[in-house]
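Some notes on the structure that comes next.
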Amino acid sequence: MGKKLLILVAVVSVLALLLSACAPKPTPQPTEVPTEAPTEATEAPTEEATEAPTEEAVTIQMMVVDYIPDRTDKWLEEEVVPAFQAEHPNINVEFIYVNWGTLDETVQGYFAAGQGADIINLGSEYIAEYGDRLAPLGEYFADWDGFAQFLPSTLDTVTWEGEPRGIPWLTAPRAYMCRMDLLENAGWDHVPATFDEMVQMAGDVTVIENGAIVLKGFQATGEAATGGRGDWQEFISLIWTLGGTLYNEDGTPNFDSPEARAALQYMYDIHRAQFPDETVADLPEVTGALLASDMLACYWGNLWGAPPTNDPIWERIELFPGFTHPDFPASSPVVQVFNDWLAVPAYSEHVAEAAEFLKFLGSAENLNTYNSHFGSFPPRQDAWFGFVEEDAVMQRMAELMQEYGKGFADIRETAQLRDILMTEIPLFLTDAQDLETTIGNIQSQYTEVLEEAGRIP
Amino acid sequence: MPAFLADLAESNPRLFTSIWAAATVVFIILSSLAVGGAARWLARVRGKDRMYRHRTFWGYFFASPWIVGYLLFVLGPTLASLYWGFTRYKLPEPPQWVGLENYIELLTGDQKFRVSLLNSLYMTVLGLPLQMGAALAVALLLYQQLRGHHLFRIIYYLPVMLATSSAMLITWRLVLNPNNGILNTIIREIGEAIPPFEWLTRAGVYLVELSSAALMGLQRGDYTLLHRIVERGFPTPGAIPLWHQDQLWSKPALILIGIWSSGAMMLIYLSALLGIPREILEAARVDGASPWQQLRHVILPLISPATFYNLVVGIIATLQIFEQSYVLTENGGPAESTYFVAYYLWRSTFRFNKIGYGAAMSWLLLVIVLVLTLIQFRLSRRWVHYA
Amino acid sequence: MPSRFVVRRGIYRLLIYLLLIAGGLFTLFPLFWMVSTSLKTMEEANAPRVVWWPARPQLEAYARLLTDPDWLVYFGNSVFVTLLAVGGTVISISLAAYAFSRIEWPGRDVVFFLMLSTLMLPMQTTLVPQYVLFSRIGWVGTFNPITIPGFFAGSALYIFLLRQFMMSLPRELDEAALIDGANHLQIWWHILLPACRPILATVTIFLFVAHWNSLQLPVIYLTRRSLHTLPIAIAAMRNPQMVEQPWPTIMAASVLTLLPLVAAFLAAQRQVFESVILSGVKG
């Protein structure tokens with residue numbers, strides 16, 4: 001009797017084992033690394049003998065979300081880790097690759113379980129969300145000269161309660177870019193200098209055929225996902241441009257400020273200038289950068305979403321930081337600086353080793369190589385050589401960032417704020433509710449969220 | 001978990017799970033023997049005869065995988081969730097008892113929950129009848145059993161297999177692109193060629209926008225949009241559906257996909273139709289009933305159990321829409337217009353880490369499903385005729 | 001008279017065919033569009049005018065995907081997860097269905113009622129606590145949470161279906177075998193399972209579809225890219241943060257993902273239709 005069942009069990013397990021055996025290896029496994037690195041590794045211990053003679057072998061895991069498949073991963077595994085192990089033969093590093101679509105679930109899962117990767121790759125706005133669950137790294141960075149080289153605006157995004165919780169890894173500033181040839185066709189010989197001019201320009205340039213936009217004056221980077229109904233990150237950037245703040249002194253939200261109202265009204269006006277009513281279809285999702293497609297004149301975003309910087313089309317594109325508002329004397333263009341960064345969660349059992357690897361990854365050379373993969377900026381000033389210097393567009397962006405840069409940081413309870421704004425802004429832009437209702441909703445809902453999270457009493 | 005297993009989970013996850021699977025099989029066999037043995041021992045204690053003990057052993061032996069699974073994966077989690085529904089629970093902190101707070105917030109304060117429920121209501125009231133109508137129409141056509149009906153049956157049923165795949169939903173996103181998507185292009189071109197079709201499209205656009213705007217008013221207590229659409233009047237020539245770009249069109253886009261994949265309902269109808277005795281239809285025909293009269297007075301009453309089944313299952317399914325909100329319209333957008341209860345629950349729990357709140361919502365969902373089903377069973381007595 | 005009748009009949013048939021074909025075109029259209037787009041060049045996919053079929057179909061996107069080691073991993077993961085979960089579930093639910101249909105045992109009705117009651121329980125009720133349970137035992141980030149629970153006969157609907165089918169089989173079959181000294185395991189394996197082949201095929205294909213398309217659970221549990229299955233990979237391909245949407249590649253990936261479903265359905269369609277029409281069950 002049991003025989004049949006045993007056979008069945010055997011069949012199932014053999015099948016499963018077969019499948020797992022013939023499984024192709026997922027992207028080069030870190031286990032292969034030591035075999036490639038023995039030459040350096042054997043030399044290293046003699047030199048470093050004083051530092052780590054009898055330390056146990058430790059494997060740390062690093063979760064990576066910003067990477068170019070087949071490029072960044074190869075570089076990390078085949079170059080960075082062997083070089084790191086030459087200095088620290090007892091520390092092995094393994095990588096876990098995830099993608100942005102599931103990053104939130106992954107990170108939530110790590111913290112929920114109290115276990116997971118020892119280094120995690122976070123977006124610019126996460127510090128307020130996870131800051132208190134990340135290990136303070138001040139003491140580990142105390143002897144690191146390189147730390148002083150990081151741009152202050154990038155350090156904002158990794159600092160919580162006065163302590164660094166990680167290192168900035170990738171810096172992507174967002175600025176405005178306009179196709180001057182398309183602007184000229186609509187009678188504009190200069191880029192807009194004020195909020196009103198932006199609205200005017202957008203209306204002048206936009207062309208609608210058959211109920212669908214075929215040429216659009218302006219689009220912000222996040223609007224591809226909202227069908228042209230606003231980008232919540234642009235909203236925040238506009239508030240800052242007008243000289244406003246997101247929070248009051250006491251930590252309560254400040255979304256009913258005159259600056260927030262003006263920003264929202266501007267978003268409505270520019271939307272209405274391009275969409276006479278809500279029956280017009282927005283630009284399609286195309287392959288390649290919209291700015292290169294002759295369908296879009298002005299764009300707000302980072303260089304990743306723009307045409308490649310060596311594209312000759314850049315001769316016709318003007319890169320500028322933004323515009324001002326005559327009614328707001330304090331208004332000044334703001335280049336929103338996004339810093340993706342690497343943090344060490346407090347649950348990690350290998351904080352020291354992880355910090356050691358962060359210092360290694362954070363060297364000027366490593367940051368330069370890494371950021372060359374994305375056309376982004378190394379967050380360290382002394383790492384701005386090579387591709388950063390040689391490229392005219394990068395140079396211009398660098399100037400803008402230095403003069404107008406403001407870190408996209410300290411956004412509290414980001415995930416929920418994002419949901420609130422992504423609901424309320426489109427409702428206002430499509431005339432489903434008026435300005436007062438919208439401001440009131442954002443303010444009251446966000447206050448509730450902050451209260452519930454214990455951030456305000 | 002032993003260290004080598006944890007390493008294996010990283011280095012060869014398939015082998016890791018295979019080992020767990022093999023261990024699970026062994027565990028199931030052992031637990032089945034144990035459950036069966038315990039049941040037989042109880043039977044012996046109670047002084048039952050050999051045959052009875054034999055049957056007891058084998059019954060529990062065979063049912064044991066389900067019983068053990070129920071205890072591990074259903075009963076325990078269900079009780080935990082019932083408890084957490086009364087707590088504030090944000091991992092990694094332990095749950096904190098808050099009484100009925102979550103339920104009160106859901107029922108009185110939480111606009112998103114109301115929005116989700118009303119979105120489901122819209123799908124049920126407008127979408128479900130359309131789906132069922134399309135399914136019935138196709139079933140009636142196939143019921144004629146003309147040559148090739150097997151082929152058509154395959155074609156119409158195929159979408160059921162594909163509908164929830166993210167590959168299919170992304171394809172729909174491409175097809176439905178409001179600007180240059182193929183569907184809107186076709187609508188535009190036919191409209192230019194045949195003016196009445198153009199007029200029909202505009203009437204459809206008007207109808208959808210009015211109904212969606214009315215719903216939005218109900219959801220947010222703000223009827224501005226409805227007023228504006230009424231003021232604007234009948235859509236101008238060239239008006240096209242905006243699908244996932246617009247909060248008024250995102251649910252109709254999902255309804256369209258629902259109609260496209262209504263093959264499962266179609267099959268239920270077809271099997272009901274095939275179950276109608278030929279003599280009854282023959283008698284109706286002899287009595288001189290027109291095809292319409294036959295449908296209305298003979299066929300529909302006879303297949304009412306199938307309609308009832310489709311209705312019950314369809315309502316539960318609309319409450320549980322998830323993939324569409326996640327893939328096609330992205331995060332339940334635009335402006336929460338594709339938030340459905342299951343999606344909102346998932347988002348509260350896994351994005352916002354509000355576990356107690358999510359648990360409370362799942363219990364409300366259960367109650368809603370139960371109440372709706374009970375009401376339908378009650379009402380069904382009036383119109384469902386069991387042969 | 002007969003001639004008029006024949007003409008009317010002919011028109012009637014023509015009308016039905018026209019309607020069926022129109023509906024069929026609507027049904028197949030998205031699939032056609034998927035295949036067509038997957039064969040286009042980037043220019044054709046972007047073209048403002050409709051390109052119904054590419055001038056020179058490109059297989060480049062397919063070649064790229066099929067040689068991409070990551071895609072092979074996703075594909076392998078999907079196959080692995082689906083086979084293991086479906087295999088485990090089919091065997092265990094057939095055991096449970098046997099218990100509920102072929103053996104008389106004390107407490108059977110109570111257990112059966114309990115099982116049916118889980119049908120009413122929305123999956124979301126147990127989703128959260130299961131997540132907490134699995135994260136406590138270190139299963140998050142492994143395939144276990146989406147495969148192992150299936151081994152415990154985790155789908156009441158299909159147990160019910162199988163049980164109904166088994167009830168309809170004549171009892172003489174196993175009674176004769178019992179008298180011949182066979183035990184229940186042998187009867188289950190040698191007599192019942194072969195007799196249940198059509199319904200087993202149906203249940204298998206429904207489970208296959210459910211696991212192959214599954215997104216909600218894998219997104220939560222398969223937290224690493226090396227664990228991702230095809231649905232997650234495809235959902236992540238369309239990156240809303242990026243302006244660039246490589247539609248031909250996305251569509252080629254979709255074709256490759258859906259092909260096994262279509263093939264499995266075509267292979268099993270007869271059994272599916274027979275058992276659904278016989279029992280009136282929805283997939």
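Starting from 1 in every chain, residues are counted up; chains themselves are A, B, ... following the order of the structure tokens, and ligands are numbered from 1 as listed.
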Distance cut-off 6 Å, counting only C-alpha atoms - which residues of chain B neighbour chain C? Return them as an mmCIF file with C-alpha atoms, in the first residue's frame.
```
data_model
loop_
_atom_site.group_PDB
_atom_site.id
_atom_site.type_symbol
_atom_site.label_atom_id
_atom_site.label_comp_id
_atom_site.auth_asym_id
_atom_site.auth_seq_id
_atom_site.Cartn_x
_atom_site.Cartn_y
_atom_site.Cartn_z
ATOM 1 C CA THR B 17 11.730 24.819 -2.227
ATOM 2 C CA ARG B 55 -13.443 3.258 7.812
ATOM 3 C CA THR B 56 -12.598 5.858 10.434
ATOM 4 C CA GLY B 59 -11.513 8.544 6.124
ATOM 5 C CA PHE B 62 -7.499 10.766 3.230
ATOM 6 C CA ALA B 63 -9.024 13.949 4.614
ATOM 7 C CA PRO B 65 -4.069 16.855 4.247
ATOM 8 C CA TRP B 66 -7.029 19.184 4.102
ATOM 9 C CA GLY B 69 -3.840 22.524 6.021
ATOM 10 C CA PRO B 77 -4.667 32.947 10.295
ATOM 11 C CA THR B 78 -8.425 33.551 10.367
ATOM 12 C CA SER B 165 -2.449 37.730 -16.947
ATOM 13 C CA SER B 166 -0.392 40.884 -16.658
ATOM 14 C CA ALA B 167 0.804 40.238 -20.213
ATOM 15 C CA ALA B 264 -16.968 31.580 -18.521
ATOM 16 C CA ILE B 268 -22.604 28.393 -17.971
ATOM 17 C CA SER B 271 -24.731 24.335 -20.566
ATOM 18 C CA SER B 362 -11.158 41.807 5.159
#
```
Contacts from chain B to chain A, 6 Å maximum, only C-alpha atoms: show me the residue list as a PyMOL selection string.
chain B and resi 14-15+18+22+91-92+178-179+224-225+245+335
Neighbours of Gln149 (chain A) within 9 Å (only C-alpha atoms; same-chain residues fewer than 6 positions away dropped), as a list in words?
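So the residues in contact are Ala364, Pro379, Arg380, Gln381, Asp382 and Ala383 of chain A.
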Quick one: residues within 7 Å of Val140 (chain C), only C-alpha atoms counted, chain neighbours fewer than 5 positions away excluded, as a ChimeraX atom specification?
/C:134-135,221
Selection from above, all heavy atoms, as a short mmCIF file (atom, residue, chain, number, x, y, z; two decimals), in the first residue's frame, can you write it?
```cif
data_model
loop_
_atom_site.label_atom_id
_atom_site.label_comp_id
_atom_site.auth_asym_id
_atom_site.auth_seq_id
_atom_site.Cartn_x
_atom_site.Cartn_y
_atom_site.Cartn_z
N PHE C 134 4.43 33.54 7.46
CA PHE C 134 5.54 33.17 6.58
C PHE C 134 6.76 34.04 6.82
O PHE C 134 7.90 33.57 6.67
CB PHE C 134 5.10 33.26 5.11
CG PHE C 134 4.12 32.18 4.73
CD1 PHE C 134 3.05 32.45 3.90
CD2 PHE C 134 4.26 30.89 5.20
CE1 PHE C 134 2.14 31.48 3.55
CE2 PHE C 134 3.37 29.89 4.86
CZ PHE C 134 2.30 30.19 4.03
N SER C 135 6.53 35.29 7.19
CA SER C 135 7.71 36.11 7.42
C SER C 135 8.39 35.69 8.73
O SER C 135 9.60 35.75 8.85
CB SER C 135 7.35 37.60 7.43
OG SER C 135 6.78 37.96 8.65
N TYR C 221 5.64 37.89 -2.07
CA TYR C 221 6.61 36.94 -1.53
C TYR C 221 7.90 36.82 -2.31
O TYR C 221 8.94 36.51 -1.75
CB TYR C 221 5.96 35.56 -1.42
CG TYR C 221 4.91 35.49 -0.35
CD1 TYR C 221 3.58 35.25 -0.66
CD2 TYR C 221 5.25 35.69 0.98
CE1 TYR C 221 2.60 35.21 0.32
CE2 TYR C 221 4.30 35.64 1.97
CZ TYR C 221 2.97 35.40 1.63
OH TYR C 221 2.03 35.36 2.62
#
```
Top pick for closest residue to chain C, considering A:Val64, A:Ile236, A:Leu319, A:Ala346 and counting only C-alpha atoms
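Once distances to chain C are computed over only C-alpha atoms, the minimum belongs to A:Val64.
The environment of Leu146 (chain B) within 12 Å, counting only C-alpha atoms and disregarding residues fewer than 2 places along the same chain, consists of Leu140, Leu141, Leu142, Tyr143, Gln144, Gly148, His149, His150, Leu151, Phe152 and Arg153 of chain B; Arg9, Gly10, Tyr12, Arg13, Leu14, Leu15, Ile16, Tyr17 and Leu20 of chain C.
Minimum atom-to-atom distances from A:Pro192, A:Gly203, A:Gly301, A:Gly187 to chain C were compared using only C-alpha atoms, and the lowest value belongs to A:Gly301.
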Might you pull out every residue within 7 Å of region 200-214 of chain B, with only C-alpha atoms counted and same-chain residues fewer than 6 positions away left off, and present them as a PyMOL selection string?
chain B and resi 225-226+229+234-235+239-241+248
Give me, as a list in words, all polymer residues having an atom no more than 12 Å from Asp110 (chain B), counting only C-alpha atoms and skipping those fewer than 2 positions away in the same chain.
Gln445, Glu448 and Val449 of chain A; Glu101, Asn102, Tyr103, Ile104, Glu105, Leu106, Leu107, Thr108, Lys112, Phe113, Arg114, Val115, Ser116, Leu117, Gln219, Arg220, Tyr344, Ser348, Tyr357 and Met361 of chain B
Write down as an MDAnalysis selection string the residues of region 44-213 of chain C whose backbone DSSP state falls under alpha helix (DSSP H).
chainID C and resid 44:46 60:67 69:102 108:117 123:136 144:147 156:167 172:179 184:187 193:195 197:213
